[in-house]
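One structure is given below, encoded as structure tokens.
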Amino acid sequence: MTSQDLIAGSIDNGERVRRFTTLTSMFAVAAALAVCPQAAMAQEAATAEEAAIAQEGATDELARLESIIVTARKREESVQSVPASISVFGGEDLAEQRLYNASELQYSTPGFYVQNYEGAATITMRGVGAQIPGGPSSVATHLDGIYQASSSAQLNRLFDVERVEVIRGPQGTLYGRNSTGGALNIITRRAGDDLEGDLSVSYGTFNTLRGDGGVSLPIGDNWGVRLAGSFAEGDGQFLNTFNGEKVGNEKFLGGRVSLAGTVGSVSVDLFVQRSRDEDNATQTLIPLVDADDPTPLLGWNKTFLDQPTEQLFRRDMDMAGLALSGDLGNGFSWRSITGYLDYTLDNLLDVNPRPSGPVRVGIATPTYAEQFSQEAQLLYSGDRLNGVLGAYYLDAEQGDQRVLTLDGVAPFTIVLFDTTSRDDTKAYAVFADLNYDLTDQLTLNGGVRWNREEIRNRFAGTGPLAGGPFDLSGTQGEPTWRIGLDYAVRPQLMFYGSVSTGVQSGFFGSAFDTATGADRPNEVEPETLVAYEVGMKSVLGDNGGYFNVSAFYYDYSDLQVQKGGIIIGPDGAPDLTVPPFFFTTNAAEAEIHGIDLELTNLRIQERLKVDIVAQYLNAEYTDYDTINDFREEVSFAGNRLPRAPKFALSSALTLDGLRLGNSAEGEIRLEYNYRSKTFFTEDNREAATQSGVGLLNLTASVDFNDDRWRLFASGRNLSNERFFDFHRGDVFANAGEFRSFEVGFRYNFR
């Protein structure tokens, strides 16, 4: 099915038009509230002195808001001038909210959902994302402009970060492959020309000790180097009732060296980064009563691990990046981004954590990834025309080994399968993205990208459940494009609309043949998405603050889904009387529509700020006929997509600028994040769901000596909500984050 067919089908379908009309009507109501924000939000100062103070504070706040710069369109611009829904977290925001991992952003970003499955990230954005747990991601993650092809490598620790940009909606034109759901841009702090640095140390629940720091050193007149590091170490969060020892510990060590300067007319930015992450808490499985009763058997913080008694999770990642840029004159400039990544994961899990189980089942999933990428850009900035032309190349290799063993009561071991898989990808792309001012207020936005991928997958295995072998290769490619308009009513109020497409790369694998009962080679086609979106961005009058709203409709086709598996009995052991089978296929269709609303950085009083980000999302399969784990024909049409809660909310009240004596200033932030009922599987089994969850967080800090020193304290999940991070209706699951507290200090110098 071509992109044109998808568009025509969307326009001709009356039900789809009705849904989108409803969304745009709701959007129009929200927009009307923003056209005259001053009338709704204006407050009168009691005295002339108070009015002057309020005006000065509002001016400073507005200037700060307009200075939030992003590179979502591969050039620096104010976040409010980009016709897309974007959440931005500055380095200070991340530090204040105690966010240490990219996956933790999901609770502060409605529509952004991250699960950790056997060490790989399963990410969705607005319901679009990997339907295969641990499979290829549909949300493109970049670190300093370098795409991370491996979903295992996307679970980044955040340290010495300048900002993080979460871009919603397909980004196929500028970001290419596997950005169907959106993009996540992590930008680290650049080496500066002046001597400055910072250090923070904290201690918290589970005896967790953390340290983060960085220092920039000038080198001559034109160069600077920055050294940054981070570590964390803590006790286990779970009790292993098998031997009475704690498991699920946290351990991380990372460092980065950045170099920046000029050689003649060329700007140079170079970084080298190395890290080791051994956070076992997200991997630890807890036993449940049974597959139909998702109640912890031993308790939320207790498990039973006998093979192995201490779960292994060790992720090593090396990255390097080189960015070169220069001015060509007459509005033209150029940029080159070269990236390298080397990643390994050692993983060993007890996948039958049940004290009454007659057998012991363990799985090892060592994984590796290596990639080289090169992007070249020609940028132009003129009176009316702005844009970028580019070319991209990726050479990536990924592989893993999966070993499943079964130990009986006698001293012997059965290897159910021992498989190896290797994927090789060479991706090529050329793209253009342009913005042309038709008038002083109306801008035409458009872009196109041509993609070509050479892919090869090799699979081999031994054991009764192995399947294969096969060695398959081929070429795939789908163009992506976008077109839209934005209209600036005034400098602080913009409306926009767009139609864009995204493509999720296909791959090769094996499929179970229901007729013969044997595996056969199978090509999984790319996913395609056509997205329609209208939105508004505004700054609210003299009080400052953002009021942004967007309504979207997605036509989602050829979803890549996985079926089958090993049938697990009530005791947690594989049921070998039911022959296992695996296959990945393309589901027919899904439709997604929803609304994003942001009311952020709003000063309702001089020292009180409000942030509210909310999303309504309806994501359903419209045509999906398949077979279940027992090879029965079923239809999932009308079911909700996994990891797509209908309602999500992130809200915060911040009380800042609290004078404490002559040299100290305090801040308190109370945060509440909520997600409604979520399905983890496409069959929408009640046993594989998570009911609505609300997390209450509190942070407080005091700055001394012109912000040189800071003392801080925080508590996360204060109400100690119990919930599952991942649960597929088996007899085990991953628990969500527990209640935790932290205290510490930060020192910075300039």
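Starting from 1 in every chain, residues are counted up; chains themselves are A, B, ... following the order of the structure tokens, and ligands are numbered from 1 as listed.
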
Task: Shell around Ser538 in chain A at 8 Å using only C-alpha atoms, local window under 2 positions removed, as a VMD selection string - done: chain A and resid 34 80 492 to 494 536 540 546 to 548

Task: Spatial neighbours of Asp555 in chain A, 6 Å, only C-alpha atoms, chain gap at least 5 places, as a list in words - done: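 These residues fall inside the cut-off: Leu529, Val530 and Glu591 of chain A.
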
Once you have the residues from the selection above, write them out as a compact mmCIF listing (two decimals), in the first residue's frame, restricted to C-alpha atoms.
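Wrote part_22.txt, looks like this:
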```txt
# COMPACT_ATOMS: atom_id res chain seq x y z
CA LEU A 529 2.16 5.69 9.34
CA VAL A 530 0.31 8.72 7.96
CA GLU A 591 -6.15 4.00 14.10
```

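The neighbours of Tyr392 in chain A here are the residues that come within 6 Å of it, using only C-alpha atoms and leaving out any residue fewer than 2 positions away in the same chain; they are Gln374, Glu375, Tyr428 and Ala429 of chain A.
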
Task: helix (DSSP H, G or I) positions in range 112-294 of chain A, given as a ChimeraX atom specification - done: /A:152-154,172-175,205-207

Would you mind exporting the chosen residues as a PDB file, in the first residue's frame, restricted to N, CA and C atoms?
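What follows is the written file result25.pdb:
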```pdb
ATOM      1  N   SER A 152      18.651  -1.884  22.692  1.00  0.00           N
ATOM      2  CA  SER A 152      19.326  -2.124  23.965  1.00  0.00           C
ATOM      3  C   SER A 152      20.188  -0.934  24.374  1.00  0.00           C
ATOM      4  N   ALA A 153      20.725  -0.220  23.392  1.00  0.00           N
ATOM      5  CA  ALA A 153      21.597   0.913  23.688  1.00  0.00           C
ATOM      6  C   ALA A 153      20.821   2.175  24.027  1.00  0.00           C
ATOM      7  N   GLN A 154      19.496   2.156  23.875  1.00  0.00           N
ATOM      8  CA  GLN A 154      18.713   3.375  24.067  1.00  0.00           C
ATOM      9  C   GLN A 154      18.391   3.672  25.526  1.00  0.00           C
ATOM     10  N   GLY A 172      10.003  11.143  10.116  1.00  0.00           N
ATOM     11  CA  GLY A 172      10.678  10.414   9.051  1.00  0.00           C
ATOM     12  C   GLY A 172      11.507  11.268   8.131  1.00  0.00           C
ATOM     13  N   THR A 173      11.167  12.546   7.967  1.00  0.00           N
ATOM     14  CA  THR A 173      11.902  13.392   7.022  1.00  0.00           C
ATOM     15  C   THR A 173      13.286  13.742   7.536  1.00  0.00           C
ATOM     16  N   LEU A 174      13.362  14.218   8.769  1.00  0.00           N
ATOM     17  CA  LEU A 174      14.643  14.671   9.309  1.00  0.00           C
ATOM     18  C   LEU A 174      15.402  13.579  10.050  1.00  0.00           C
ATOM     19  N   TYR A 175      14.688  12.615  10.627  1.00  0.00           N
ATOM     20  CA  TYR A 175      15.351  11.607  11.451  1.00  0.00           C
ATOM     21  C   TYR A 175      15.320  10.210  10.837  1.00  0.00           C
ATOM     22  N   THR A 205      17.589   6.009  49.693  1.00  0.00           N
ATOM     23  CA  THR A 205      17.011   4.701  49.996  1.00  0.00           C
ATOM     24  C   THR A 205      17.812   3.585  49.326  1.00  0.00           C
ATOM     25  N   PHE A 206      17.824   2.420  49.943  1.00  0.00           N
ATOM     26  CA  PHE A 206      18.578   1.245  49.504  1.00  0.00           C
ATOM     27  C   PHE A 206      20.087   1.513  49.548  1.00  0.00           C
ATOM     28  N   ASN A 207      20.489   2.429  50.480  1.00  0.00           N
ATOM     29  CA  ASN A 207      21.911   2.777  50.638  1.00  0.00           C
ATOM     30  C   ASN A 207      22.540   3.194  49.316  1.00  0.00           C
TER      31      ASN A 207
END
```

List as a tab-separated table every residue of range 159-246 of chain A that is in contact with range 284-291 of chain A, defined as an atom at most 10 Å from one of its atoms (using only C-alpha atoms), together with the nearest atom pair and the distance in Å rounded to one decimal, sorted by chain and then rising number.
```
residue	atom	partner	partner_atom	distance
A:Gly236	CA	A:Thr284	CA	10.0
A:Gln237	CA	A:Thr284	CA	9.3
A:Phe238	CA	A:Thr284	CA	8.0
A:Asn240	CA	A:Ile286	CA	9.7
```

Print the selection's residues with N, CA, C and O atoms to a file, as a tab-separated table (two decimals), in the first residue's frame.
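Saved file result_8.tsv follows:
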```
chain	number	residue	atom	x	y	z
A	236	GLY	N	20.52	-4.04	47.02
A	236	GLY	CA	19.40	-4.64	46.32
A	236	GLY	C	18.06	-4.17	46.87
A	236	GLY	O	17.90	-3.91	48.07
A	237	GLN	N	17.07	-4.08	46.00
A	237	GLN	CA	15.73	-3.64	46.38
A	237	GLN	C	14.80	-4.81	46.69
A	237	GLN	O	13.69	-4.61	47.16
A	238	PHE	N	15.26	-6.05	46.39
A	238	PHE	CA	14.41	-7.23	46.59
A	238	PHE	C	15.12	-8.23	47.50
A	238	PHE	O	16.35	-8.32	47.52
A	240	ASN	N	15.78	-12.10	48.14
A	240	ASN	CA	15.74	-13.44	47.55
A	240	ASN	C	15.44	-14.43	48.67
A	240	ASN	O	16.31	-14.75	49.49
```

Task: Atomic separation - CA of Ser325 in chain A relative to CA of Val257 in chain A, Å - done: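 These two atoms are separated by 19.6 Å.
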
Do a neighbour search on Ser714 in chain A at 9 Å with only C-alpha atoms, toss out local chain neighbours closer than 3 positions, and write the hits as an mmCIF file with all heavy atoms, in the first residue's frame.
```cif
data_model
loop_
_atom_site.group_PDB
_atom_site.id
_atom_site.type_symbol
_atom_site.label_atom_id
_atom_site.label_comp_id
_atom_site.auth_asym_id
_atom_site.auth_seq_id
_atom_site.Cartn_x
_atom_site.Cartn_y
_atom_site.Cartn_z
ATOM 1 N N GLU A 96 16.902 18.815 39.268
ATOM 2 C CA GLU A 96 15.930 19.153 40.300
ATOM 3 C C GLU A 96 14.905 18.040 40.500
ATOM 4 O O GLU A 96 14.451 17.792 41.616
ATOM 5 C CB GLU A 96 15.229 20.456 39.941
ATOM 6 C CG GLU A 96 16.129 21.686 40.036
ATOM 7 C CD GLU A 96 15.434 22.942 39.540
ATOM 8 O OE1 GLU A 96 14.243 22.844 39.166
ATOM 9 O OE2 GLU A 96 16.070 24.005 39.531
ATOM 10 N N GLN A 97 14.517 17.360 39.407
ATOM 11 C CA GLN A 97 13.515 16.314 39.504
ATOM 12 C C GLN A 97 14.123 14.956 39.786
ATOM 13 O O GLN A 97 13.406 13.958 39.846
ATOM 14 C CB GLN A 97 12.690 16.280 38.215
ATOM 15 C CG GLN A 97 11.929 17.562 37.948
ATOM 16 C CD GLN A 97 11.210 17.552 36.615
ATOM 17 O OE1 GLN A 97 10.614 16.547 36.221
ATOM 18 N NE2 GLN A 97 11.241 18.664 35.894
ATOM 19 N N ARG A 98 15.446 14.889 39.922
ATOM 20 C CA ARG A 98 16.167 13.660 40.227
ATOM 21 C C ARG A 98 15.907 12.592 39.177
ATOM 22 O O ARG A 98 15.612 11.432 39.477
ATOM 23 C CB ARG A 98 15.831 13.110 41.619
ATOM 24 C CG ARG A 98 15.621 14.131 42.735
ATOM 25 C CD ARG A 98 16.636 15.236 42.805
ATOM 26 N NE ARG A 98 18.012 14.771 42.949
ATOM 27 C CZ ARG A 98 19.084 15.518 42.644
ATOM 28 N NH1 ARG A 98 18.937 16.737 42.172
ATOM 29 N NH2 ARG A 98 20.286 15.055 42.805
ATOM 30 N N ASN A 697 5.538 12.912 43.791
ATOM 31 C CA ASN A 697 6.947 13.183 44.047
ATOM 32 C C ASN A 697 7.097 14.564 44.682
ATOM 33 O O ASN A 697 6.314 15.481 44.405
ATOM 34 C CB ASN A 697 7.765 13.139 42.754
ATOM 35 C CG ASN A 697 7.576 11.845 41.985
ATOM 36 O OD1 ASN A 697 7.505 10.769 42.575
ATOM 37 N ND2 ASN A 697 7.490 11.944 40.671
ATOM 38 N N LEU A 698 8.117 14.717 45.492
ATOM 39 C CA LEU A 698 8.381 15.996 46.150
ATOM 40 C C LEU A 698 9.882 16.249 46.149
ATOM 41 O O LEU A 698 10.677 15.367 46.494
ATOM 42 C CB LEU A 698 7.860 15.971 47.595
ATOM 43 C CG LEU A 698 8.099 17.244 48.424
ATOM 44 C CD1 LEU A 698 7.265 18.398 47.887
ATOM 45 C CD2 LEU A 698 7.770 16.990 49.896
ATOM 46 N N THR A 699 10.278 17.463 45.754
ATOM 47 C CA THR A 699 11.677 17.871 45.833
ATOM 48 C C THR A 699 11.759 19.222 46.525
ATOM 49 O O THR A 699 10.855 20.058 46.397
ATOM 50 C CB THR A 699 12.323 17.970 44.433
ATOM 51 O OG1 THR A 699 11.596 18.930 43.640
ATOM 52 C CG2 THR A 699 12.305 16.628 43.719
ATOM 53 N N ALA A 700 12.830 19.438 47.241
ATOM 54 C CA ALA A 700 13.061 20.708 47.930
ATOM 55 C C ALA A 700 14.551 21.010 47.883
ATOM 56 O O ALA A 700 15.392 20.101 47.955
ATOM 57 C CB ALA A 700 12.568 20.638 49.377
ATOM 58 N N SER A 701 14.883 22.289 47.755
ATOM 59 C CA SER A 701 16.290 22.681 47.690
ATOM 60 C C SER A 701 16.477 24.065 48.289
ATOM 61 O O SER A 701 15.545 24.874 48.337
ATOM 62 C CB SER A 701 16.795 22.670 46.247
ATOM 63 O OG SER A 701 16.091 23.622 45.457
ATOM 64 N N SER A 740 11.088 6.016 47.391
ATOM 65 C CA SER A 740 12.499 6.257 47.681
ATOM 66 C C SER A 740 12.705 7.707 48.113
ATOM 67 O O SER A 740 11.922 8.590 47.755
ATOM 68 C CB SER A 740 13.368 5.945 46.456
ATOM 69 O OG SER A 740 13.031 6.797 45.372
ATOM 70 N N PHE A 741 13.765 7.921 48.876
ATOM 71 C CA PHE A 741 14.139 9.248 49.354
ATOM 72 C C PHE A 741 15.611 9.491 49.062
ATOM 73 O O PHE A 741 16.399 8.542 48.922
ATOM 74 C CB PHE A 741 13.877 9.380 50.860
ATOM 75 C CG PHE A 741 12.439 9.191 51.245
ATOM 76 C CD1 PHE A 741 11.984 7.949 51.665
ATOM 77 C CD2 PHE A 741 11.548 10.248 51.176
ATOM 78 C CE1 PHE A 741 10.656 7.763 52.026
ATOM 79 C CE2 PHE A 741 10.220 10.077 51.524
ATOM 80 C CZ PHE A 741 9.769 8.837 51.941
ATOM 81 N N GLU A 742 15.982 10.770 48.987
ATOM 82 C CA GLU A 742 17.353 11.123 48.655
ATOM 83 C C GLU A 742 17.676 12.496 49.232
ATOM 84 O O GLU A 742 16.831 13.404 49.217
ATOM 85 C CB GLU A 742 17.525 11.138 47.135
ATOM 86 C CG GLU A 742 18.924 11.402 46.658
ATOM 87 C CD GLU A 742 19.018 11.346 45.134
ATOM 88 O OE1 GLU A 742 17.964 11.444 44.475
ATOM 89 O OE2 GLU A 742 20.138 11.223 44.616
ATOM 90 N N VAL A 743 18.871 12.660 49.757
ATOM 91 C CA VAL A 743 19.361 13.955 50.219
ATOM 92 C C VAL A 743 20.771 14.134 49.673
ATOM 93 O O VAL A 743 21.499 13.156 49.449
ATOM 94 C CB VAL A 743 19.374 14.064 51.759
ATOM 95 C CG1 VAL A 743 17.959 14.009 52.311
ATOM 96 C CG2 VAL A 743 20.233 12.964 52.386
#
```

Task: For Asn280 in chain A, the nearest of the candidates A:Asp160, A:Asp383, A:Asp424, A:Glu118, counting only C-alpha atoms - done: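 Among A:Asp160, A:Asp383, A:Asp424, A:Glu118, it is A:Glu118 that comes nearest to Asn280 in chain A.
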